[in-house]
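Everything below belongs to structure-v3.txt, which stores compact mmCIF, C-alpha atoms.
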```
# COMPACT_ATOMS: atom_id res chain seq x y z
CA MET N 1 -184.04 -47.37 -111.21
CA ALA N 2 -181.49 -45.73 -108.92
CA ILE N 3 -178.56 -47.09 -106.95
CA ALA N 4 -178.92 -47.10 -103.17
CA SER N 5 -176.15 -47.30 -100.57
CA HIS N 6 -176.38 -49.22 -97.32
CA LEU N 7 -173.68 -49.61 -94.67
CA GLY N 8 -173.06 -52.89 -92.88
CA PRO N 9 -174.67 -56.28 -93.36
CA TRP N 10 -178.12 -56.03 -94.87
CA LEU N 11 -180.16 -58.75 -93.20
CA LEU N 12 -183.29 -60.21 -94.70
CA GLY N 13 -185.81 -62.46 -93.02
CA THR N 14 -188.83 -62.24 -90.76
CA THR N 15 -187.50 -63.13 -87.30
CA LYS N 16 -184.53 -61.08 -86.04
CA PHE N 17 -184.03 -62.76 -82.64
CA THR N 18 -184.72 -66.26 -81.35
CA THR N 19 -187.43 -66.11 -78.70
CA GLY N 20 -188.63 -69.73 -78.70
CA THR N 21 -188.14 -73.15 -80.23
CA THR N 22 -190.63 -73.21 -83.14
CA ALA N 23 -189.78 -72.21 -86.68
CA ASP N 24 -191.56 -68.87 -86.46
CA THR N 25 -189.71 -67.91 -83.26
CA ILE N 26 -186.14 -68.86 -84.30
CA ARG N 27 -183.93 -66.29 -86.01
CA ASN N 28 -184.15 -66.73 -89.79
CA MET N 29 -182.32 -63.64 -91.00
CA GLY N 30 -179.41 -63.91 -93.39
CA ALA N 31 -176.98 -61.45 -94.94
CA THR N 32 -177.40 -60.57 -98.60
CA VAL N 33 -174.92 -61.45 -101.32
CA VAL N 34 -173.44 -58.53 -103.27
CA THR N 35 -170.97 -58.08 -106.12
CA GLN N 36 -168.31 -55.67 -107.23
CA THR N 37 -166.90 -55.49 -110.72
CA ASP N 38 -163.92 -53.85 -112.38
CA THR N 39 -162.75 -53.91 -115.98
CA ILE N 40 -159.07 -54.48 -116.75
CA THR N 41 -158.11 -53.30 -120.24
CA PHE N 42 -155.16 -54.01 -122.53
CA GLY N 43 -154.03 -50.39 -122.07
CA GLU N 44 -153.99 -50.78 -118.30
CA ILE N 45 -151.91 -53.97 -118.59
CA ASN N 46 -149.52 -52.37 -121.11
CA THR N 47 -148.99 -49.43 -118.73
CA SER N 48 -148.48 -51.52 -115.57
CA LEU N 49 -148.67 -55.24 -114.94
CA THR N 50 -150.21 -54.59 -111.51
CA GLY N 51 -153.16 -52.60 -110.21
CA ASN N 52 -156.04 -52.33 -107.76
CA VAL N 53 -159.31 -54.03 -108.64
CA VAL N 54 -161.84 -53.52 -105.81
CA THR N 55 -161.91 -52.97 -102.06
CA LEU N 56 -163.91 -55.38 -99.92
CA PRO N 57 -165.36 -54.40 -96.55
CA ALA N 58 -163.91 -55.86 -93.35
CA GLY N 59 -165.39 -59.26 -92.46
CA ALA N 60 -166.53 -60.05 -96.03
CA ILE N 61 -166.72 -63.69 -97.12
CA ILE N 62 -165.84 -64.24 -100.79
CA GLN N 63 -168.05 -66.73 -102.64
CA SER N 64 -166.68 -66.51 -106.17
CA MET N 65 -164.44 -64.63 -108.56
CA GLN N 66 -164.85 -64.77 -112.31
CA TYR N 67 -163.70 -63.06 -115.47
CA TYR N 68 -166.02 -62.01 -118.30
CA VAL N 69 -164.00 -61.54 -121.47
CA THR N 70 -165.48 -58.49 -123.16
CA SER N 71 -162.80 -58.24 -125.87
CA THR N 72 -160.20 -60.90 -126.65
CA PHE N 73 -156.61 -59.96 -125.75
CA SER N 74 -154.35 -59.75 -128.80
CA ALA N 75 -151.67 -61.90 -127.11
CA ALA N 76 -151.58 -64.54 -124.39
CA THR N 77 -152.42 -62.88 -121.06
CA THR N 78 -152.72 -64.18 -117.50
CA ILE N 79 -154.11 -62.48 -114.42
CA LYS N 80 -153.55 -63.38 -110.76
CA LEU N 81 -155.51 -61.86 -107.85
CA SER N 82 -154.10 -61.04 -104.41
CA ILE N 83 -155.11 -59.59 -101.06
CA GLY N 84 -152.08 -57.84 -99.63
CA ALA N 85 -149.07 -60.12 -100.11
CA THR N 86 -151.27 -63.25 -100.34
CA ASP N 87 -152.18 -64.66 -103.75
CA ILE N 88 -155.83 -65.73 -103.66
CA THR N 89 -155.83 -67.21 -107.18
CA ALA N 90 -153.26 -68.77 -109.42
CA ALA N 91 -152.40 -67.02 -112.66
CA THR N 92 -155.46 -67.57 -114.87
CA THR N 93 -155.06 -67.54 -118.63
CA ILE N 94 -157.65 -65.17 -120.03
CA THR N 95 -158.93 -66.40 -123.36
CA GLY N 96 -162.07 -65.70 -125.23
CA PRO N 97 -164.59 -65.47 -126.40
CA ALA N 98 -165.74 -68.73 -124.91
CA ALA N 99 -169.11 -70.06 -123.82
CA PRO N 100 -170.92 -69.47 -121.57
CA ALA N 101 -170.91 -65.70 -121.72
CA ASN N 102 -167.14 -65.52 -122.28
CA LEU N 103 -166.72 -66.62 -118.67
CA THR N 104 -163.53 -67.86 -117.01
CA ALA N 105 -163.50 -68.82 -113.32
CA ALA N 106 -160.80 -67.37 -111.11
CA THR N 107 -160.10 -70.46 -109.03
CA ALA N 108 -158.98 -69.89 -105.47
CA SER N 109 -156.26 -71.97 -103.86
CA ASP N 110 -157.12 -74.29 -100.94
CA THR N 111 -154.38 -72.60 -98.91
CA VAL N 112 -156.34 -69.33 -98.66
CA THR N 113 -159.66 -70.72 -97.46
CA ALA N 114 -159.48 -68.86 -94.12
CA LEU N 115 -158.78 -65.54 -95.87
CA LEU N 116 -161.68 -66.04 -98.29
CA ALA N 117 -163.96 -66.96 -95.35
CA ASN N 118 -163.13 -63.64 -93.67
CA VAL N 119 -160.96 -60.99 -95.34
CA GLY N 120 -160.08 -59.59 -91.90
CA THR N 121 -160.96 -56.85 -89.46
CA THR N 122 -160.10 -54.02 -91.88
CA ASP N 123 -161.13 -53.33 -95.48
CA LYS N 124 -158.96 -55.16 -98.03
CA ILE N 125 -157.88 -54.12 -101.52
CA ILE N 126 -157.89 -56.88 -104.13
CA THR N 127 -155.08 -56.35 -106.60
CA PHE N 128 -154.15 -57.98 -109.90
CA THR N 129 -150.84 -59.02 -111.40
CA ALA N 130 -150.81 -59.66 -115.16
CA THR N 131 -148.37 -61.25 -117.58
CA LYS N 132 -148.47 -60.85 -121.34
CA ALA N 133 -146.66 -62.44 -124.25
CA SER N 134 -146.18 -59.13 -126.08
CA THR N 135 -147.53 -55.58 -126.26
CA LEU N 136 -151.31 -55.81 -126.33
CA THR N 137 -153.35 -53.99 -128.97
CA THR N 138 -156.82 -55.22 -127.96
CA GLY N 139 -158.55 -56.87 -125.05
CA SER N 140 -160.49 -56.29 -121.87
CA VAL N 141 -161.89 -58.43 -119.11
CA THR N 142 -164.42 -57.62 -116.41
CA LEU N 143 -163.70 -59.18 -113.04
CA GLN N 144 -166.71 -59.93 -110.85
CA ILE N 145 -166.25 -60.70 -107.15
CA VAL N 146 -169.28 -62.07 -105.30
CA TYR N 147 -169.24 -61.76 -101.50
CA THR N 148 -171.38 -61.32 -98.41
CA VAL N 149 -171.03 -58.17 -96.32
CA ARG N 150 -170.57 -58.97 -92.64
CA ASN N 151 -169.42 -57.18 -89.51
CA ALA N 152 -165.65 -56.71 -89.12
CA ASP N 153 -165.52 -59.78 -86.84
CA GLY N 154 -167.27 -61.90 -89.48
CA SER N 155 -170.65 -61.96 -87.74
CA THR N 156 -173.93 -60.89 -89.30
CA ASP N 157 -176.11 -60.60 -86.26
CA SER N 158 -176.64 -58.05 -83.52
CA THR N 159 -175.30 -58.86 -80.08
CA SER N 160 -178.65 -58.55 -78.32
CA ALA N 161 -182.33 -57.79 -78.72
```
Full structure transcribed into structure tokens:
Amino acid sequence: MAIASHLGPWLLGTTKFTTGTTADTIRNMGATVVTQTDTITFGEINTSLTGNVVTLPAGAIIQSMQYYVTSTFSAATTIKLSIGATDITAATTITGPAAPANLTAATASDTVTALLANVGTTDKIITFTATKASTLTTGSVTLQIVYTVRNADGSTDSTSA
């Protein structure tokens, strides 16, 4: 299997434009959900307590953020995610391994709901800030961000037939 690239919202459904009032004539297309992942290692955190994780396309709506602990950190470690100067999660203590699948949710704050619902009209870099109790000798975590690609204005549909 190969990886394919596609620009812009990828819409799936059978009716692109509403032309009537019955179910088979009303637009039923929706944008697909995609993910990006990045692994943050103990070496990366020892070198710098901050870094870039992923870049989201303009207009994206973030559904979830979670950490998969792939190797337990040797000392207490927290990670916070931000978009620009705005923290989108609180500092999350990364522990592990834990069930299910060594998974820890990155819980978003209620104060950033609008930013998560639309990252803005330009692409946005998600960054991390880490804290650690001491120099780390082991540990890595894979961050997964689930989002929907949309147009820069947050829409997913064409303007006309």
Could you tell me how far CA of Thr138 (chain N) sits from CA of Thr35 (chain N), in Å to one decimal place?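 About the pair CA of Thr35 (chain N) and CA of Thr138 (chain N): they are 26.2 Å apart.
Rounded to one decimal, CA of Ser155 (chain N) and CA of Ala108 (chain N) lie 22.7 Å from each other.
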What separation in Å, quoted to one decimal, exists between CA of Ser64 (chain N) and CA of Arg27 (chain N)?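 Interatomic distance, CA of Ser64 (chain N) to CA of Arg27 (chain N): 26.5 Å.
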Nearest residue to Thr15 (chain N) out of N:Ser82, N:Thr127, N:Asn28, N:Thr55, using all atoms listed in the file?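 Under the stated criterion, the closest residue is N:Asn28.
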With all atoms listed in the file counted and 12 Å as the cut-off, give the residues of region 4-91 of chain N in contact with region 109-115 of chain N, each with its shortest interatomic distance in Å and the pair that gives it, as a tab-separated table.
```
residue	atom	partner	partner_atom	distance
N:Ala58	CA	N:Leu115	CA	11.2
N:Gly59	CA	N:Leu115	CA	9.7
N:Ala60	CA	N:Leu115	CA	9.5
N:Ile61	CA	N:Leu115	CA	8.2
N:Ile62	CA	N:Leu115	CA	8.7
N:Gln63	CA	N:Thr113	CA	10.6
N:Ser64	CA	N:Thr113	CA	12.0
N:Met65	CA	N:Ser109	CA	12.0
N:Lys80	CA	N:Ser109	CA	11.3
N:Leu81	CA	N:Ser109	CA	10.9
N:Ser82	CA	N:Val112	CA	10.3
N:Ile83	CA	N:Leu115	CA	8.7
N:Gly84	CA	N:Leu115	CA	10.9
N:Ala85	CA	N:Val112	CA	11.8
N:Thr86	CA	N:Val112	CA	8.1
N:Asp87	CA	N:Val112	CA	8.1
N:Ile88	CA	N:Val112	CA	6.2
N:Thr89	CA	N:Ser109	CA	5.8
N:Ala90	CA	N:Ser109	CA	7.1
N:Ala91	CA	N:Ser109	CA	10.8
```
Would you pick out the contacts of Asp38 (chain N) at 9 Å or less, using all atoms listed in the file, so that residues sharing its chain but fewer than 5 positions from it are not included, and give the list as number ranges by chain? N: 53-54, 141-145
Applying 12 Å and only C-alpha atoms, which residues near region 66-72 of chain N remain after dropping the ones on its own chain fewer than 5 positions away? List them as a PyMOL selection string. chain N and resi 35-42+77-81+89+92-108+136-146
Please determine, counting all atoms listed in the file, which residue among N:Val33, N:Leu116, N:Ala130, N:Ile3 has the shortest atom-to-atom distance to Thr47 (chain N).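 When distances to Thr47 (chain N) are compared using all atoms listed in the file, the smallest one comes from N:Ala130.
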Radius query 6 Å about (-168.6, -54.5, -97.2), atoms used: only C-alpha atoms, as a ChimeraX atom specification: /N:56-57,149
